[in-house]
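Dumped my_file_32.cif below, it's mmCIF, C-alpha atoms:
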data_final
loop_
_atom_site.label_atom_id
_atom_site.label_comp_id
_atom_site.auth_asym_id
_atom_site.auth_seq_id
_atom_site.Cartn_x
_atom_site.Cartn_y
_atom_site.Cartn_z
CA MET A 1 90.86 95.71 119.43
CA THR A 2 93.53 93.65 117.75
CA ASP A 3 97.22 94.26 118.25
CA GLN A 4 97.45 95.31 114.59
CA THR A 5 97.49 99.03 113.83
CA TYR A 6 97.55 100.61 110.38
CA PRO A 7 99.16 104.08 110.39
CA GLY A 8 101.05 104.70 107.18
CA GLN A 9 99.14 102.06 105.22
CA PHE A 10 96.41 102.31 102.62
CA LEU A 11 92.85 101.16 103.14
CA THR A 12 91.43 100.17 99.80
CA ALA A 13 87.66 99.89 99.50
CA THR A 14 86.39 96.47 98.47
CA PRO A 15 83.43 96.18 96.08
CA LEU A 16 81.19 95.82 99.16
CA ILE A 17 81.45 99.60 99.62
CA SER A 18 79.32 101.20 96.91
CA THR A 19 78.34 104.62 98.27
CA PRO A 20 80.27 107.89 98.07
CA PRO A 21 82.64 109.06 99.28
CA PHE A 22 84.08 105.63 100.10
CA ALA A 23 83.24 103.71 96.90
CA ARG A 24 86.52 102.79 95.19
CA SER A 25 88.43 104.94 97.62
CA VAL A 26 92.01 104.65 98.76
CA ILE A 27 92.63 106.05 102.22
CA LEU A 28 95.94 106.86 103.84
CA ILE A 29 95.63 105.94 107.52
CA LEU A 30 97.21 108.71 109.60
CA GLU A 31 96.39 107.48 113.10
CA HIS A 32 95.07 104.21 114.52
CA ASP A 33 95.05 103.26 118.17
CA GLU A 34 92.67 102.31 120.98
CA THR A 35 90.76 105.60 120.50
CA GLY A 36 89.91 104.86 116.85
CA ALA A 37 91.37 105.70 113.47
CA ILE A 38 91.78 108.74 111.22
CA GLY A 39 92.60 108.77 107.53
CA ILE A 40 92.32 110.82 104.37
CA ILE A 41 90.69 109.68 101.15
CA LEU A 42 93.36 110.27 98.50
CA ASN A 43 91.45 109.80 95.25
CA GLN A 44 88.30 111.94 95.47
CA ASP A 45 88.98 115.17 93.56
CA SER A 46 86.17 117.67 94.25
CA GLY A 47 86.93 119.67 91.11
CA LEU A 48 86.95 122.89 93.17
CA ALA A 49 89.89 125.07 92.18
CA LEU A 50 92.24 125.67 95.08
CA ASP A 51 93.39 129.10 93.90
CA GLU A 52 89.86 130.43 94.51
CA LEU A 53 89.49 128.90 97.99
CA LEU A 54 93.00 128.95 99.48
CA PRO A 55 95.30 131.01 97.24
CA GLU A 56 98.03 130.98 99.95
CA ALA A 57 98.45 127.23 99.57
CA ALA A 58 98.39 127.10 95.77
CA PRO A 59 102.17 127.51 95.19
CA HIS A 60 102.93 124.27 97.09
CA VAL A 61 100.12 122.12 95.68
CA VAL A 62 100.72 119.42 93.07
CA ASP A 63 98.49 118.98 90.01
CA PRO A 64 95.60 119.04 89.81
CA PRO A 65 95.43 122.21 91.94
CA ASN A 66 92.03 121.32 93.37
CA VAL A 67 90.59 120.60 96.78
CA PHE A 68 90.12 116.86 97.37
CA VAL A 69 87.43 115.26 99.50
CA GLY A 70 89.31 113.82 102.46
CA GLY A 71 86.24 112.26 104.02
CA PRO A 72 82.83 112.97 105.46
CA VAL A 73 84.02 114.28 108.86
CA GLY A 74 84.89 117.95 109.35
CA THR A 75 84.33 118.91 105.73
CA GLU A 76 84.48 122.61 106.62
CA THR A 77 88.14 122.15 107.60
CA ALA A 78 91.01 122.28 105.12
CA LEU A 79 93.80 119.80 105.82
CA GLY A 80 97.18 119.95 104.13
CA LEU A 81 98.89 116.63 103.45
CA ALA A 82 102.49 117.32 102.54
CA SER A 83 105.85 115.83 101.84
CA ALA A 84 108.24 117.79 104.03
CA PRO A 85 111.22 117.27 106.33
CA ALA A 86 110.49 115.00 109.29
CA GLY A 87 109.53 116.94 112.39
CA SER A 88 107.69 119.71 110.53
CA PHE A 89 104.19 118.27 110.87
CA LEU A 90 101.27 119.25 113.09
CA ARG A 91 101.22 115.70 114.43
CA PRO A 92 103.76 112.91 114.08
CA ALA A 93 103.77 111.68 110.51
CA ALA A 94 102.56 108.22 109.60
CA LEU A 95 105.15 107.89 106.85
CA GLY A 96 108.15 109.81 108.16
CA THR A 97 108.23 112.59 105.57
CA ILE A 98 104.49 112.72 104.80
CA GLY A 99 102.04 114.22 107.24
CA LEU A 100 99.58 116.97 108.03
CA VAL A 101 100.61 120.63 107.81
CA ASP A 102 98.79 123.93 108.15
CA PRO A 103 97.76 124.67 104.54
CA MET A 104 97.68 128.42 105.27
CA SER A 105 101.34 128.46 106.33
CA PRO A 106 103.13 125.28 105.28
CA PRO A 107 106.58 124.69 106.77
CA SER A 108 109.70 125.34 104.77
CA GLY A 109 110.91 122.42 102.73
CA VAL A 110 107.51 121.28 101.46
CA SER A 111 108.13 119.46 98.19
CA ALA A 112 104.51 118.44 97.50
CA MET A 113 101.14 119.16 99.07
CA ARG A 114 97.45 118.39 98.55
CA ILE A 115 94.54 120.08 100.27
CA PHE A 116 91.65 117.99 101.57
CA ALA A 117 88.24 119.01 102.87
CA GLY A 118 87.52 116.77 105.84
CA TYR A 119 88.78 113.36 106.83
CA ALA A 120 87.59 109.82 107.50
CA GLY A 121 87.21 108.68 111.08
CA TRP A 122 86.37 105.47 112.91
CA ASP A 123 85.36 104.90 116.54
CA PRO A 124 87.28 102.36 118.65
CA GLY A 125 86.92 98.91 117.09
CA GLN A 126 84.91 100.18 114.11
CA LEU A 127 87.72 99.97 111.55
CA GLU A 128 88.72 96.51 112.73
CA ALA A 129 85.10 95.34 112.37
CA GLU A 130 84.89 96.77 108.83
CA ILE A 131 88.15 95.05 107.86
CA GLU A 132 86.87 91.78 109.30
CA GLU A 133 83.62 92.21 107.30
CA GLN A 134 85.86 92.56 104.21
CA ALA A 135 84.78 96.13 103.49
CA TRP A 136 88.45 97.18 103.31
CA TRP A 137 91.72 95.69 102.19
CA VAL A 138 94.81 96.88 104.03
CA THR A 139 97.60 97.44 101.52
CA LEU A 140 101.08 98.91 101.63
CA ALA A 141 101.19 102.63 100.98
CA ASP A 142 102.81 103.79 97.78
CA VAL A 143 104.44 107.08 98.73
CA ASP A 144 104.74 108.19 95.09
CA ALA A 145 101.00 107.60 94.53
CA ILE A 146 100.01 109.96 97.35
CA PHE A 147 100.91 113.06 95.33
CA GLY A 148 100.65 111.53 91.86
CA ASP A 149 97.75 111.16 89.46
CA THR A 150 94.93 109.69 91.53
CA THR A 151 92.52 109.12 88.65
CA ASP A 152 93.04 105.35 88.68
CA LEU A 153 94.57 104.97 92.15
CA TRP A 154 92.05 102.32 93.24
CA ARG A 155 92.99 99.96 90.40
CA GLU A 156 96.71 100.71 90.71
CA THR A 157 96.61 99.93 94.43
CA LEU A 158 94.84 96.63 93.78
CA ARG A 159 97.48 95.67 91.18
CA ARG A 160 100.21 96.00 93.83
CA ALA A 161 98.30 94.11 96.54
CA PRO A 162 99.16 90.57 97.63
CA GLY A 163 97.22 87.37 97.08
CA ARG A 164 93.95 87.37 95.16
CA ILE A 165 93.19 91.09 95.60
CA PRO A 166 94.57 92.05 92.15
CA LEU A 167 91.79 89.96 90.57
CA PHE A 168 89.34 92.69 91.60
CA GLU A 169 91.13 95.28 89.46
CA THR A 170 88.76 94.46 86.60
CA TYR A 171 85.64 94.58 88.78
CA THR A 172 83.03 96.59 86.92
CA ASP A 173 81.39 99.74 88.31
CA SER A 174 77.98 98.22 87.55
CA PRO A 175 78.04 94.43 88.15
CA MET A 176 74.26 94.22 87.64
CA SER A 177 74.66 95.38 84.02
CA ASN A 178 76.87 92.41 83.04
#
Would you write out, as structure tokens, the structure that this file holds?
Amino acid sequence: MTDQTYPGQFLTATPLISTPPFARSVILILEHDETGAIGIILNQDSGLALDELLPEAAPHVVDPPNVFVGGPVGTETALGLASAPAGSFLRPAALGTIGLVDPMSPPSGVSAMRIFAGYAGWDPGQLEAEIEEQAWWVTLADVDAIFGDTTDLWRETLRRAPGRIPLFETYTDSPMSN
């Protein structure tokens, strides 16, 4: 394992990743240490209405009020990602005022929340190997984008990235059809 850890940063899928749910995904890394990494895919809206599945959480959820696909692990579990006062999270927050909360009883002071089914997880050394293989770009998190419109989050994240990464913003969904 390298000395570099990525909590509080975005992982942005490179064009090498072409299968769901990771194709064109942007993941907020919540934890990363010698035991592995955990993150939540931010831009995969399931289209399932939250008010039918978890009506208790609906008042705190930002638009669209749907459940998002957080990743392929633990998809039967609902995770609440919220902007709330520091110290009110289930685990220490990666970004100070953004972290995981109980979606059934969010803490007071929640200003924004999204509900995710599941999460993304990596075994020790797995994420580092995928980054080295250029499957992921590590980019700075945009706190406003976490609870904003995620429709074009992949492209928006690439635009803000350093170096040559922004050139991939125009990468087509179907390169074989060019």
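The coordinates place atom CA of A:Ala78 at 6.4 Å from atom CA of A:Ile115.
Using all atoms listed in the file, the set of residues no farther than 9 Å from the position (98.1, 118.8, 100.5) comprises A:Ala57, A:His60, A:Val61, A:Val62, A:Val67, A:Phe68, A:Leu79, A:Gly80, A:Leu81, A:Ala82, A:Ser83, A:Leu100, A:Val101, A:Pro103, A:Ala112, A:Met113, A:Arg114, A:Ile115, A:Phe116, A:Phe147.
As for atom CA of A:Thr157 and atom CA of A:Glu169, they are spaced 8.7 Å apart.
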Query raised in the report: Do you know which residues the PyMOL selection byres ((chain A and resi 30) around 12) returns on this file, as a PyMOL selection string?
Result: chain A and resi 5-11+27-29+31-33+36-42+70+81+89-96+98-100+119-122+141
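Take the candidates A:Asp149, A:Glu56, A:Asp144, A:Glu76 and check each one against A:Gln44 using all atoms listed in the file; the shortest distance goes to A:Asp149.
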Hey, which bits of stretch 55-138 of chain A sit within 8 Å of stretch 12-20 of chain A, and for each residue what's the closest pair of atoms and how far apart in Å (one decimal), counting all atoms listed in the file, rows by chain and increasing number, as a tab-separated table?
residue	atom	partner	partner_atom	distance
A:Gln134	CA	A:Thr14	CA	7.0
A:Ala135	CA	A:Thr14	CA	5.3
A:Trp136	CA	A:Ala13	CA	4.7
A:Trp137	CA	A:Thr12	CA	5.1
A:Val138	CA	A:Thr12	CA	6.3
Requested in this report: Run the PyMOL selection byres ((chain A and resi 66) around 6) on the file and write out the hits as a list in words.
Outcome: Gly47, Leu48, Ala49, Leu50, Pro64, Pro65 and Val67 of chain A
Mind dumping the selected residues with C-alpha atoms as a short mmCIF file (atom, residue, chain, number, x, y, z; two decimals), in the coordinates of the input?
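Listed below is the output, out-v3.cif:
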data_model
loop_
_atom_site.label_atom_id
_atom_site.label_comp_id
_atom_site.auth_asym_id
_atom_site.auth_seq_id
_atom_site.Cartn_x
_atom_site.Cartn_y
_atom_site.Cartn_z
CA GLY A 47 86.93 119.67 91.11
CA LEU A 48 86.95 122.89 93.17
CA ALA A 49 89.89 125.07 92.18
CA LEU A 50 92.24 125.67 95.08
CA PRO A 64 95.60 119.04 89.81
CA PRO A 65 95.43 122.21 91.94
CA VAL A 67 90.59 120.60 96.78
#
